[in-house]
file structure_37.txt (compact mmCIF, C-alpha atoms)
# COMPACT_ATOMS: atom_id res chain seq x y z
CA MET A 1 -32.67 -3.62 18.64
CA ALA A 2 -28.92 -3.27 19.11
CA GLY A 3 -26.70 -5.80 17.37
CA ARG A 4 -23.29 -7.06 18.47
CA GLY A 5 -20.51 -4.55 18.96
CA LYS A 6 -18.24 -4.11 15.96
CA LEU A 7 -14.74 -2.77 15.70
CA ILE A 8 -13.42 0.29 13.93
CA ALA A 9 -10.50 -0.57 11.65
CA VAL A 10 -7.93 1.89 10.33
CA ILE A 11 -5.53 1.77 7.38
CA GLY A 12 -3.29 4.79 7.33
CA ASP A 13 0.05 6.42 7.82
CA GLU A 14 1.84 6.27 11.14
CA ASP A 15 0.30 9.39 12.63
CA THR A 16 -3.24 8.52 11.59
CA VAL A 17 -3.06 5.00 12.99
CA THR A 18 -1.29 6.10 16.18
CA GLY A 19 -3.92 8.77 16.72
CA PHE A 20 -6.91 6.49 16.31
CA LEU A 21 -5.28 3.80 18.42
CA LEU A 22 -4.88 6.45 21.12
CA GLY A 23 -8.60 6.94 20.74
CA GLY A 24 -9.06 3.33 21.82
CA ILE A 25 -10.04 1.37 18.72
CA GLY A 26 -7.10 -1.03 18.64
CA GLU A 27 -7.50 -4.79 18.98
CA LEU A 28 -4.53 -7.10 18.98
CA ASN A 29 -4.32 -10.47 20.63
CA LYS A 30 -2.69 -13.80 19.96
CA ASN A 31 -5.62 -15.27 18.09
CA ARG A 32 -6.76 -12.52 15.79
CA HIS A 33 -5.34 -10.25 13.19
CA PRO A 34 -4.98 -6.61 14.22
CA ASN A 35 -7.68 -4.20 13.14
CA PHE A 36 -5.15 -1.66 11.91
CA LEU A 37 -2.40 -1.36 9.32
CA VAL A 38 0.38 1.23 9.33
CA VAL A 39 1.24 1.95 5.71
CA GLU A 40 4.92 2.79 5.32
CA LYS A 41 7.12 3.45 2.31
CA ASP A 42 7.85 -0.24 1.84
CA THR A 43 4.26 -1.45 2.29
CA THR A 44 3.14 -3.03 -0.98
CA ILE A 45 -0.19 -2.42 -2.66
CA ASN A 46 -0.93 -6.15 -2.36
CA GLU A 47 -0.53 -5.98 1.41
CA ILE A 48 -2.87 -3.00 1.58
CA GLU A 49 -5.43 -4.68 -0.64
CA ASP A 50 -5.26 -7.96 1.29
CA THR A 51 -5.76 -6.15 4.59
CA PHE A 52 -8.61 -4.08 3.17
CA ARG A 53 -10.39 -7.17 1.84
CA GLN A 54 -9.85 -8.93 5.15
CA PHE A 55 -11.56 -6.03 6.94
CA LEU A 56 -14.39 -6.04 4.40
CA ASN A 57 -15.01 -9.76 4.69
CA GLY A 58 -14.76 -9.99 8.48
CA ASP A 59 -18.10 -9.66 10.24
CA ASP A 60 -16.56 -7.95 13.25
CA ILE A 61 -15.64 -4.65 11.53
CA GLY A 62 -18.27 -1.91 11.43
CA ILE A 63 -16.28 1.05 10.09
CA ILE A 64 -13.03 1.23 8.10
CA LEU A 65 -11.07 4.48 8.25
CA ILE A 66 -8.59 4.86 5.41
CA ASN A 67 -6.36 7.73 4.28
CA GLN A 68 -7.58 8.88 0.89
CA TYR A 69 -4.18 8.58 -0.81
CA ILE A 70 -4.12 4.90 0.30
CA ALA A 71 -7.73 4.45 -0.83
CA GLU A 72 -6.58 5.60 -4.29
CA MET A 73 -4.22 2.61 -4.45
CA VAL A 74 -7.11 0.20 -3.88
CA ARG A 75 -9.86 2.27 -5.52
CA HIS A 76 -11.12 -0.70 -7.52
CA ALA A 77 -11.73 -2.66 -4.31
CA LEU A 78 -13.48 0.33 -2.73
CA ASP A 79 -15.72 0.90 -5.73
CA ALA A 80 -16.67 -2.78 -5.78
CA HIS A 81 -17.80 -2.62 -2.14
CA GLN A 82 -21.54 -2.03 -2.30
CA ARG A 83 -22.64 -3.15 1.18
CA SER A 84 -23.45 -0.58 3.81
CA ILE A 85 -21.52 -2.39 6.53
CA PRO A 86 -18.65 -2.06 6.99
CA ALA A 87 -18.82 1.65 6.16
CA VAL A 88 -15.67 2.97 4.51
CA LEU A 89 -14.67 6.53 5.38
CA GLU A 90 -11.89 8.29 3.49
CA ILE A 91 -9.87 10.75 5.54
CA PRO A 92 -7.04 13.11 4.59
CA SER A 93 -3.42 12.59 5.42
CA LYS A 94 -0.77 15.16 6.30
CA GLU A 95 0.68 15.27 2.80
CA HIS A 96 -2.57 14.72 0.87
CA PRO A 97 -5.58 16.88 1.69
CA TYR A 98 -9.05 15.43 1.22
CA ASP A 99 -10.42 15.65 -2.34
CA ALA A 100 -14.18 15.20 -2.63
CA ALA A 101 -13.87 14.39 -6.33
CA LYS A 102 -12.07 11.14 -5.48
CA ASP A 103 -14.42 9.93 -2.72
CA SER A 104 -16.30 6.77 -3.81
CA ILE A 105 -19.48 7.64 -1.93
CA LEU A 106 -19.71 11.16 -3.33
CA ARG A 107 -18.89 10.03 -6.85
CA ARG A 108 -21.75 7.56 -6.70
CA ALA A 109 -24.10 10.26 -5.46
CA ARG A 110 -22.88 12.65 -8.18
CA GLY A 111 -23.43 9.90 -10.75
CA MET A 112 -27.17 10.18 -10.16
CA PHE A 113 -27.20 13.59 -11.81
CA THR A 114 -24.77 12.91 -14.64
CA ALA A 115 -23.93 9.72 -16.58
CA GLU A 116 -23.98 6.27 -14.93
CA ASP A 117 -21.23 5.97 -12.31
CA PRO A 118 -18.05 6.21 -14.34
CA PRO A 119 -14.79 4.74 -13.02
CA TYR A 120 -12.71 7.53 -11.57
CA SER A 121 -10.02 7.19 -14.21
CA GLN A 122 -12.58 7.79 -16.94
CA ALA A 123 -14.70 10.38 -15.15
CA ALA A 124 -15.89 13.20 -17.34
CA PRO A 125 -16.37 16.65 -15.83
CA PRO A 126 -19.82 16.93 -14.24
CA GLN A 127 -22.47 18.45 -16.46
CA ALA A 128 -25.49 20.41 -15.39
CA CYS A 129 -25.38 19.30 -11.80
CA PRO A 130 -27.33 21.31 -9.22
CA GLN A 131 -25.35 24.31 -8.04
CA SER A 132 -25.31 23.35 -4.37
CA PHE A 133 -24.01 19.88 -5.19
CA CYS A 134 -21.32 21.20 -7.49
CA GLU A 135 -19.74 22.88 -4.47
CA PHE A 136 -18.32 19.49 -3.52
CA MET B 137 -48.98 4.90 -7.69
CA ALA B 138 -50.03 7.78 -9.94
CA ALA B 139 -47.39 9.88 -11.66
CA PRO B 140 -48.06 13.10 -9.67
CA ASP B 141 -47.68 11.16 -6.41
CA LEU B 142 -44.47 9.62 -7.69
CA ARG B 143 -43.12 13.03 -8.61
CA ALA B 144 -43.97 14.40 -5.18
CA GLU B 145 -42.21 11.47 -3.55
CA LEU B 146 -39.22 11.93 -5.85
CA ASP B 147 -38.98 15.60 -4.89
CA SER B 148 -39.19 14.74 -1.20
CA LEU B 149 -36.50 12.07 -1.54
CA LEU B 150 -34.25 14.40 -3.50
CA LEU B 151 -34.56 17.13 -0.89
CA GLN B 152 -33.78 14.64 1.89
CA LEU B 153 -30.79 13.38 -0.10
CA PHE B 154 -29.38 16.90 -0.48
CA GLN B 155 -29.92 17.50 3.21
CA ASP B 156 -28.06 14.31 4.09
CA LEU B 157 -25.21 15.20 1.71
CA GLU B 158 -24.90 18.64 3.26
CA GLU B 159 -24.84 17.17 6.74
CA LEU B 160 -22.26 14.59 5.64
CA GLU B 161 -19.98 17.31 4.32
CA ALA B 162 -20.32 19.30 7.54
CA LYS B 163 -19.40 16.22 9.61
CA ARG B 164 -16.53 15.47 7.25
CA ALA B 165 -15.14 18.99 7.63
CA ALA B 166 -15.37 18.60 11.42
CA LEU B 167 -13.68 15.17 11.31
CA ASN B 168 -10.88 16.48 9.12
CA ALA B 169 -10.37 19.39 11.52
CA ARG B 170 -10.21 17.03 14.56
CA VAL B 171 -7.74 14.75 12.77
CA GLU B 172 -5.53 17.71 11.82
CA GLU B 173 -5.61 18.95 15.42
CA GLY B 174 -4.65 15.46 16.50
CA TRP B 175 -1.66 15.36 14.15
CA LEU B 176 -0.46 18.72 15.42
CA SER B 177 -0.74 17.56 19.03
CA LEU B 178 1.12 14.34 18.16
CA SER B 179 3.90 16.40 16.59
CA LYS B 180 4.13 18.54 19.73
CA ALA B 181 4.26 15.38 21.87
CA ARG B 182 6.98 13.98 19.64
CA TYR B 183 8.93 17.26 19.99
CA SER B 184 8.92 17.00 23.79
CA MET B 185 9.30 13.23 24.13
CA GLY B 186 11.64 12.47 21.24
CA ALA B 187 11.12 11.68 17.58
CA LYS B 188 10.87 7.92 18.07
CA SER B 189 8.86 8.07 21.27
CA VAL B 190 5.42 8.35 19.72
CA GLY B 191 4.88 5.69 17.09
CA PRO B 192 4.41 1.99 16.34
CA LEU B 193 7.39 1.02 18.50
CA GLN B 194 5.34 1.94 21.56
CA TYR B 195 2.20 0.00 20.59
CA ALA B 196 1.18 -2.62 23.14
CA SER B 197 1.57 -6.27 22.18
CA LEU B 198 -1.93 -6.94 23.48
CA MET B 199 -4.74 -4.49 22.83
CA GLU B 200 -8.34 -4.56 23.85
CA PRO B 201 -10.68 -2.08 22.10
CA GLN B 202 -12.10 0.61 24.33
CA VAL B 203 -14.48 1.79 21.63
CA CYS B 204 -16.96 -0.25 19.61
CA VAL B 205 -19.76 0.59 17.23
CA TYR B 206 -23.18 -0.92 17.57
CA THR B 207 -25.69 -1.01 14.78
CA SER B 208 -29.39 -0.66 15.38
CA GLU B 209 -32.37 -0.26 13.14
CA ALA B 210 -33.95 3.17 13.27
CA GLN B 211 -37.65 3.84 12.83
CA ASP B 212 -37.25 4.23 9.07
CA GLY B 213 -35.67 0.78 8.86
CA LEU B 214 -32.16 2.08 8.16
CA GLN B 215 -29.08 0.92 10.06
CA ARG B 216 -27.63 3.45 12.46
CA PHE B 217 -24.23 3.38 14.13
CA TRP B 218 -23.78 4.03 17.84
CA LEU B 219 -20.38 4.57 19.34
CA VAL B 220 -19.97 2.91 22.72
CA ARG B 221 -16.97 3.50 24.90
CA ALA B 222 -16.18 0.69 27.35
CA SER B 223 -15.30 1.75 30.85
CA ALA B 224 -11.96 0.64 32.20
CA GLN B 225 -12.26 -2.24 34.63
CA THR B 226 -10.83 -1.60 38.06
CA PRO B 227 -9.49 -4.45 40.17
CA GLU B 228 -11.49 -5.39 43.23
CA GLU B 229 -10.25 -3.47 46.25
CA VAL B 230 -9.94 -5.48 49.41
CA GLY B 231 -10.10 -3.37 52.57
CA PRO B 232 -8.58 -4.37 55.94
CA ARG B 233 -11.82 -5.90 57.23
CA GLU B 234 -12.29 -8.10 54.21
CA ALA B 235 -8.69 -9.27 54.36
CA ALA B 236 -9.15 -10.25 58.02
CA LEU B 237 -12.33 -12.14 57.17
CA ARG B 238 -10.57 -14.00 54.46
CA ARG B 239 -7.73 -14.95 56.76
CA ARG B 240 -10.21 -16.20 59.39
CA LYS B 241 -11.84 -18.45 56.88
CA GLY B 242 -8.54 -19.84 55.89
CA LEU B 243 -7.17 -20.07 52.46
CA THR B 244 -10.10 -19.39 50.29
CA ARG B 245 -9.83 -19.41 46.62
CA THR B 246 -10.51 -15.93 45.36
CA PRO B 247 -12.27 -15.89 42.00
CA GLU B 248 -9.85 -15.72 39.13
CA PRO B 249 -10.10 -12.59 37.03
CA GLU B 250 -11.48 -13.10 33.58
CA SER B 251 -9.03 -14.23 30.97
CA PHE B 252 -9.01 -11.01 28.90
CA PRO B 253 -6.68 -8.19 29.96
CA ALA B 254 -8.15 -5.27 31.87
CA LEU B 255 -8.81 -2.24 29.68
CA ARG B 256 -5.74 -0.09 29.64
CA ASP B 257 -5.62 3.49 28.47
CA PRO B 258 -3.45 3.59 25.32
CA LEU B 259 -1.78 6.70 26.78
CA ASN B 260 0.04 4.33 29.13
CA TRP B 261 1.91 2.81 26.16
CA PHE B 262 3.91 6.02 25.97
CA GLY B 263 4.91 6.30 29.61
CA ILE B 264 3.48 7.09 32.99
CA LEU B 265 3.72 10.87 32.79
CA VAL B 266 2.84 11.86 29.27
CA PRO B 267 2.83 15.46 28.03
CA HIS B 268 -0.44 17.36 27.83
CA SER B 269 -0.14 17.46 24.03
CA LEU B 270 -0.51 13.67 23.88
CA ARG B 271 -3.71 13.86 25.95
CA GLN B 272 -4.95 16.56 23.62
CA ALA B 273 -4.22 14.32 20.65
CA GLN B 274 -6.21 11.52 22.29
CA ALA B 275 -9.15 13.88 22.91
CA SER B 276 -9.10 15.06 19.27
CA PHE B 277 -9.10 11.55 17.87
CA ARG B 278 -11.83 10.45 20.29
CA GLU B 279 -14.04 13.28 19.03
CA GLY B 280 -13.16 12.20 15.51
CA LEU B 281 -14.42 8.67 16.22
CA GLN B 282 -17.84 9.97 17.23
CA LEU B 283 -17.98 12.00 14.01
CA ALA B 284 -16.95 8.91 12.05
CA ALA B 285 -19.89 6.95 13.47
CA ASP B 286 -22.27 9.79 12.50
CA MET B 287 -20.78 9.90 9.00
CA ALA B 288 -21.19 6.15 8.58
CA THR B 289 -24.88 6.49 9.47
CA LEU B 290 -25.29 9.30 6.93
CA GLN B 291 -23.52 7.29 4.22
CA ILE B 292 -26.02 4.47 4.73
CA ARG B 293 -28.90 6.95 4.43
CA ILE B 294 -27.41 8.43 1.26
CA ASP B 295 -26.93 5.01 -0.33
CA TRP B 296 -30.49 4.09 0.54
CA GLY B 297 -31.84 7.39 -0.78
CA ARG B 298 -29.91 6.90 -3.99
CA SER B 299 -31.34 3.43 -4.59
CA GLN B 300 -34.88 4.62 -3.73
CA LEU B 301 -34.50 7.53 -6.14
CA ARG B 302 -33.41 5.23 -8.95
CA GLY B 303 -36.32 2.90 -8.29
CA LEU B 304 -38.83 5.74 -8.39
CA GLN B 305 -37.28 7.17 -11.56
CA GLU B 306 -37.68 3.78 -13.23
CA LYS B 307 -41.33 3.58 -12.16
CA LEU B 308 -41.92 7.07 -13.50
CA LYS B 309 -40.36 6.14 -16.83
CA GLN B 310 -42.72 3.20 -17.10
CA LEU B 311 -45.75 5.36 -16.30
CA GLU B 312 -44.75 8.23 -18.55
CA PRO B 313 -42.50 6.82 -21.28
CA GLU B 314 -43.08 9.84 -23.52
CA SER B 315 -41.58 12.19 -20.94
CA ALA B 316 -38.47 10.01 -20.41
call {"tool": "encode", "arguments": {"input": "structure_37.txt", "output": "structure tokens"}}
result
Amino acid sequence: MAGRGKLIAVIGDEDTVTGFLLGGIGELNKNRHPNFLVVEKDTTINEIEDTFRQFLNGDDIGIILINQYIAEMVRHALDAHQRSIPAVLEIPSKEHPYDAAKDSILRRARGMFTAEDPPYSQAAPPQACPQSFCEF
Amino acid sequence: MAAPDLRAELDSLLLQLFQDLEELEAKRAALNARVEEGWLSLSKARYSMGAKSVGPLQYASLMEPQVCVYTSEAQDGLQRFWLVRASAQTPEEVGPREAALRRRKGLTRTPEPESFPALRDPLNWFGILVPHSLRQAQASFREGLQLAADMATLQIRIDWGRSQLRGLQEKLKQLEPESA
């Protein structure tokens, strides 16, 4: 049974946000906060974290797209998010290619085969993981 | 559940998990490729339109989403994301006959359009005649959105598989503590 329609939010650099808004995900009206945030040089980490938490706590967001280098700034908030909805997808940016080792979802999956999920800053190199999975 | 049955279920879950992870990585590679294509097209558009002509300064002050995700429960009980694209609303066209009829009846109150703005293609934010590269960028990011919905579904499956695997491993430890 289909539920209510949810929005796709995006937190990223100018090109990423412009691109996905061109794709048609943008919502902005007088009564509601926008479902996007353009992160510029002077955007503070607090602003990013506040916006991210707002997207997480709102029940109208189904997917959050976030550049991985921005996700790194709020990694603690990402790691604490255990619910399946909204889904958080990390995407690359022009200056920072995607790194699977930093992705929260993949680190959790990798943690099944090594020690309990370590925080990224304390992550030890994977040990004895299946070959096909180590390719990540 | 007996230990051999548990082990068989564990193996099956593990194989499904690896399959889902592989599929997730394939979708991710495709999404990254679409996004990179989109950036390149945006850069080309910026080259032809001007450096400041494609950016936040052109965003509309009112936006209505053309794309939404719907969640539904699949047969296995897991949530699945569906991307739905809203069609643009076209204003009612009044032909000559209808206009004459309306005049005959006198001033009739035509129904007011709904209070939300009609869906407007975001391409229109950047001008009436936009370069082909901007349309290509839009197409790339639209494809990326579909891939994002598929990836979100796979992430839910992977999280579920992970928690199921942990549960079964715990049960197995209780049944066979000496092998733990």
call {"tool": "interface_residues", "arguments": {"input": "structure_37.txt", "of": "chain A", "to": "chain B", "cutoff": "8 Å", "atoms": "all atoms listed in the file", "output": "MDAnalysis selection string"}}
result
chainID A and resid 1:8 14:16 18:30 62:63 84 87:89 91:92 94 105 109 112 133
call {"tool": "write_last_selection", "arguments": {"input": "structure_37.txt", "atoms": "C-alpha atoms", "output": "compact mmCIF listing (two decimals), in the coordinates of the input"}}
result
# COMPACT_ATOMS: atom_id res chain seq x y z
CA MET A 1 -32.67 -3.62 18.64
CA ALA A 2 -28.92 -3.27 19.11
CA GLY A 3 -26.70 -5.80 17.37
CA ARG A 4 -23.29 -7.06 18.47
CA GLY A 5 -20.51 -4.55 18.96
CA LYS A 6 -18.24 -4.11 15.96
CA LEU A 7 -14.74 -2.77 15.70
CA ILE A 8 -13.42 0.29 13.93
CA GLU A 14 1.84 6.27 11.14
CA ASP A 15 0.30 9.39 12.63
CA THR A 16 -3.24 8.52 11.59
CA THR A 18 -1.29 6.10 16.18
CA GLY A 19 -3.92 8.77 16.72
CA PHE A 20 -6.91 6.49 16.31
CA LEU A 21 -5.28 3.80 18.42
CA LEU A 22 -4.88 6.45 21.12
CA GLY A 23 -8.60 6.94 20.74
CA GLY A 24 -9.06 3.33 21.82
CA ILE A 25 -10.04 1.37 18.72
CA GLY A 26 -7.10 -1.03 18.64
CA GLU A 27 -7.50 -4.79 18.98
CA LEU A 28 -4.53 -7.10 18.98
CA ASN A 29 -4.32 -10.47 20.63
CA LYS A 30 -2.69 -13.80 19.96
CA GLY A 62 -18.27 -1.91 11.43
CA ILE A 63 -16.28 1.05 10.09
CA SER A 84 -23.45 -0.58 3.81
CA ALA A 87 -18.82 1.65 6.16
CA VAL A 88 -15.67 2.97 4.51
CA LEU A 89 -14.67 6.53 5.38
CA ILE A 91 -9.87 10.75 5.54
CA PRO A 92 -7.04 13.11 4.59
CA LYS A 94 -0.77 15.16 6.30
CA ILE A 105 -19.48 7.64 -1.93
CA ALA A 109 -24.10 10.26 -5.46
CA MET A 112 -27.17 10.18 -10.16
CA PHE A 133 -24.01 19.88 -5.19
call {"tool": "atom_distance", "arguments": {"input": "structure_37.txt", "atom1": "CA of Arg75 in chain A", "atom2": "CA of Ser104 in chain A"}}
result
8.0 Å
call {"tool": "residues_around", "arguments": {"input": "structure_37.txt", "residues": "Ser184 in chain B", "least_positions_apart": "3", "cutoff": "8 Å", "atoms": "all atoms listed in the file", "output": "list in words"}}
result
Lys180, Ala181 and Pro267 of chain B
call {"tool": "residues_near_point", "arguments": {"input": "structure_37.txt", "point": "(-1.2, 8.1, -1.0)", "cutoff": "10 Å", "atoms": "all atoms listed in the file", "output": "JSON, numbers by chain"}}
result
{"A": [12, 13, 39, 67, 68, 69, 70, 71, 72, 73, 92, 93, 95, 96]}
call {"tool": "atom_distance", "arguments": {"input": "structure_37.txt", "atom1": "CA of Phe55 in chain A", "atom2": "CA of His33 in chain A"}}
result
9.8 Å
call {"tool": "closest_residue", "arguments": {"input": "structure_37.txt", "among": "A:Val74, A:Ile61, A:Ala101, A:Val10", "to": "Ile48 in chain A", "atoms": "all atoms listed in the file"}}
result
A:Val74
call {"tool": "atom_distance", "arguments": {"input": "structure_37.txt", "atom1": "CA of Asn57 in chain A", "atom2": "CA of Arg32 in chain A"}}
result
14.1 Å
call {"tool": "closest_residue", "arguments": {"input": "structure_37.txt", "among": "B:Gln310, B:Gln305, B:Gln300, B:Ser269", "to": "Met185 in chain B", "atoms": "only C-alpha atoms"}}
result
B:Ser269
call {"tool": "closest_residue", "arguments": {"input": "structure_37.txt", "among": "A:Pro97, A:Asp103, A:Asp59, A:Ile66", "to": "Ile85 in chain A", "atoms": "only C-alpha atoms"}}
result
A:Asp59
call {"tool": "residues_near_point", "arguments": {"input": "structure_37.txt", "point": "(-37.9, 10.1, -3.8)", "cutoff": "7 Å", "atoms": "only C-alpha atoms", "output": "list in words"}}
result
Glu145, Leu146, Asp147, Ser148, Leu149, Leu150, Gln300, Leu301 and Leu304 of chain B
call {"tool": "closest_residue", "arguments": {"input": "structure_37.txt", "among": "B:Arg143, B:Lys163, B:Arg182, B:Arg170", "to": "Val266 in chain B", "atoms": "only C-alpha atoms"}}
result
B:Arg182
call {"tool": "axis_aligned_box", "arguments": {"input": "structure_37.txt", "around": "range 65-76 of chain A", "padding_each_side": "8 Å", "output": "JSON"}}
result
{"center_x": -7.6, "center_y": 4.1, "center_z": 0.4, "size_x": 23.0, "size_y": 25.6, "size_z": 31.8}
